[in-house]
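Encoded as structure tokens, the structure appears first; notes follow it.
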Amino acid sequence: MMTPPGVPDGASVAVAVLLVMLLLRDILPLLKNWDESVQTSLNMGILPLLFSFGAGVLYKLVALF
């Protein structure tokens with residue numbers, strides 16, 4: 001059986017990971033052992049997840065109309 005194209009079931013996991021990474025990006029600088037490379041690494045993970053989240057929202061909006 002083929003599933004219809006659209007937002008995959010793993011989209012909720014991607015949103016949860018995006019939220020956790022955004023929270024870590026805000027909380028980790030408060031630690032005294034903070035390193036700028038950690039922020040760069042988090043940004044490298046956040047940007048693709050942000051783009052996929054935006055694409056999912058855009059798909060849902062287009063599907064409504």
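FYI, nothing fancy with the structure tokens labels: chains A, B, ... in order, residues from 1 per chain, ligands from 1 as they appear.
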### Task
Enumerate the residues of chain A with a DSSP assignment of helix (DSSP H, G or I), computed from the backbone, and present them as a count of residues only.
49
### Non-local contacts of Gly56 of chain A (8 Å; only C-alpha atoms; under 3 positions in same chain excluded) as a PyMOL selection string
chain A and resi 7+11+52-53+59-60
Would you write out those residues with C-alpha atoms, as a PDB file, in the first residue's frame?
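Okay, part.pdb is ready:
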```
ATOM      1  CA  VAL A   7       4.538  15.618   5.575  1.00  0.00           C
ATOM      2  CA  ALA A  11       7.950  15.542  11.290  1.00  0.00           C
ATOM      3  CA  SER A  52      12.228  21.541   7.001  1.00  0.00           C
ATOM      4  CA  PHE A  53       9.822  22.908   9.628  1.00  0.00           C
ATOM      5  CA  TYR A  59       2.760  22.343   2.813  1.00  0.00           C
ATOM      6  CA  LYS A  60       0.024  22.304   5.429  1.00  0.00           C
TER       7      LYS A  60
END
```
### Message
Need to verify the contact set: Ala14 of chain A, 12 Å, only C-alpha atoms, exclusion of same-chain residues closer than 5 positions in sequence. Can you return it as a list in words?
### Response
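Counting only C-alpha atoms, the residues come to Val7, Pro8, Asp9, Leu19, Val20, Met21, Gly45, Ile46, Leu47, Pro48, Leu49, Leu50, Phe51, Ser52, Phe53, Gly54 and Gly56 of chain A.
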Convert the current residue selection to file output with all heavy atoms, as a CSV table (one decimal), in the first residue's frame.
```
chain,number,residue,atom,x,y,z
A,7,VAL,N,3.6,15.5,4.4
A,7,VAL,CA,4.5,15.6,5.6
A,7,VAL,C,4.7,14.2,6.2
A,7,VAL,O,3.7,13.6,6.6
A,7,VAL,CB,4.0,16.7,6.6
A,7,VAL,CG1,4.9,16.8,7.8
A,7,VAL,CG2,3.8,18.0,5.9
A,8,PRO,N,5.9,13.7,6.4
A,8,PRO,CA,6.1,12.4,6.9
A,8,PRO,C,5.7,12.3,8.4
A,8,PRO,O,5.6,13.4,9.1
A,8,PRO,CB,7.5,12.1,6.7
A,8,PRO,CG,8.2,13.4,6.5
A,8,PRO,CD,7.1,14.3,6.0
A,9,ASP,N,5.6,11.1,8.9
A,9,ASP,CA,5.2,10.9,10.3
A,9,ASP,C,6.3,11.4,11.2
A,9,ASP,O,6.1,11.7,12.4
A,9,ASP,CB,4.9,9.5,10.6
A,9,ASP,CG,3.7,9.0,9.9
A,9,ASP,OD1,2.8,9.9,9.6
A,9,ASP,OD2,3.6,7.8,9.6
A,19,LEU,N,13.1,22.2,18.8
A,19,LEU,CA,12.8,22.9,20.0
A,19,LEU,C,13.9,22.7,21.1
A,19,LEU,O,14.4,23.6,21.7
A,19,LEU,CB,11.5,22.5,20.6
A,19,LEU,CG,10.3,23.0,19.8
A,19,LEU,CD1,9.0,22.4,20.4
A,19,LEU,CD2,10.3,24.5,19.8
A,20,VAL,N,14.4,21.4,21.2
A,20,VAL,CA,15.4,21.1,22.2
A,20,VAL,C,16.7,21.8,21.8
A,20,VAL,O,17.4,22.4,22.7
A,20,VAL,CB,15.7,19.6,22.3
A,20,VAL,CG1,16.9,19.3,23.0
A,20,VAL,CG2,14.5,18.9,22.9
A,21,MET,N,17.1,21.8,20.5
A,21,MET,CA,18.3,22.5,20.1
A,21,MET,C,18.2,24.0,20.3
A,21,MET,O,19.2,24.6,20.7
A,21,MET,CB,18.6,22.1,18.6
A,21,MET,CG,19.0,20.7,18.5
A,21,MET,SD,19.4,20.3,16.8
A,21,MET,CE,21.0,20.9,16.6
A,45,GLY,N,23.0,22.4,13.0
A,45,GLY,CA,21.9,21.5,13.2
A,45,GLY,C,20.5,22.2,13.1
A,45,GLY,O,19.5,21.6,12.7
A,46,ILE,N,20.5,23.4,13.6
A,46,ILE,CA,19.2,24.1,13.7
A,46,ILE,C,18.7,24.6,12.3
A,46,ILE,O,17.5,24.5,12.0
A,46,ILE,CB,19.3,25.3,14.7
A,46,ILE,CG1,19.4,24.8,16.1
A,46,ILE,CG2,18.2,26.3,14.5
A,46,ILE,CD1,19.8,25.9,17.1
A,47,LEU,N,19.6,25.1,11.5
A,47,LEU,CA,19.2,25.6,10.2
A,47,LEU,C,18.5,24.6,9.3
A,47,LEU,O,17.4,24.9,8.8
A,47,LEU,CB,20.4,26.3,9.5
A,47,LEU,CG,20.8,27.6,10.0
A,47,LEU,CD1,22.0,28.1,9.3
A,47,LEU,CD2,19.7,28.6,9.9
A,48,PRO,N,19.0,23.4,9.1
A,48,PRO,CA,18.2,22.5,8.3
A,48,PRO,C,16.9,22.1,8.9
A,48,PRO,O,15.9,21.9,8.1
A,48,PRO,CB,19.2,21.3,8.2
A,48,PRO,CG,20.5,21.7,8.6
A,48,PRO,CD,20.3,22.9,9.5
A,49,LEU,N,16.9,21.9,10.2
A,49,LEU,CA,15.6,21.6,10.8
A,49,LEU,C,14.6,22.8,10.7
A,49,LEU,O,13.4,22.5,10.5
A,49,LEU,CB,15.8,21.3,12.3
A,49,LEU,CG,16.5,19.9,12.6
A,49,LEU,CD1,16.8,19.8,14.0
A,49,LEU,CD2,15.6,18.8,12.2
A,50,LEU,N,15.1,24.0,10.8
A,50,LEU,CA,14.2,25.1,10.6
A,50,LEU,C,13.7,25.2,9.2
A,50,LEU,O,12.5,25.5,9.0
A,50,LEU,CB,15.0,26.4,10.9
A,50,LEU,CG,14.2,27.7,11.2
A,50,LEU,CD1,13.3,27.5,12.3
A,50,LEU,CD2,15.2,28.8,11.4
A,51,PHE,N,14.5,24.9,8.2
A,51,PHE,CA,14.0,24.9,6.8
A,51,PHE,C,13.0,23.8,6.6
A,51,PHE,O,11.9,24.0,5.9
A,51,PHE,CB,15.1,24.7,5.8
A,51,PHE,CG,16.0,26.0,5.7
A,51,PHE,CD1,17.4,25.9,5.7
A,51,PHE,CD2,15.4,27.2,5.6
A,51,PHE,CE1,18.2,27.0,5.5
A,51,PHE,CE2,16.2,28.4,5.4
A,51,PHE,CZ,17.6,28.2,5.4
A,52,SER,N,13.2,22.6,7.2
A,52,SER,CA,12.2,21.5,7.0
A,52,SER,C,10.9,21.8,7.7
A,52,SER,O,9.8,21.5,7.3
A,52,SER,CB,12.8,20.2,7.5
A,52,SER,OG,13.1,20.2,8.8
A,53,PHE,N,11.0,22.5,8.9
A,53,PHE,CA,9.8,22.9,9.6
A,53,PHE,C,9.0,23.9,8.8
A,53,PHE,O,7.8,23.8,8.7
A,53,PHE,CB,10.2,23.5,11.0
A,53,PHE,CG,9.0,24.1,11.7
A,53,PHE,CD1,8.1,23.3,12.3
A,53,PHE,CD2,8.8,25.5,11.8
A,53,PHE,CE1,7.0,23.8,13.0
A,53,PHE,CE2,7.8,26.0,12.5
A,53,PHE,CZ,6.9,25.1,13.1
A,54,GLY,N,9.7,24.9,8.2
A,54,GLY,CA,9.0,25.9,7.4
A,54,GLY,C,8.4,25.2,6.2
A,54,GLY,O,7.3,25.6,5.8
A,56,GLY,N,7.3,22.2,6.0
A,56,GLY,CA,6.1,21.4,6.5
A,56,GLY,C,4.9,22.3,6.8
A,56,GLY,O,3.8,22.0,6.4
```
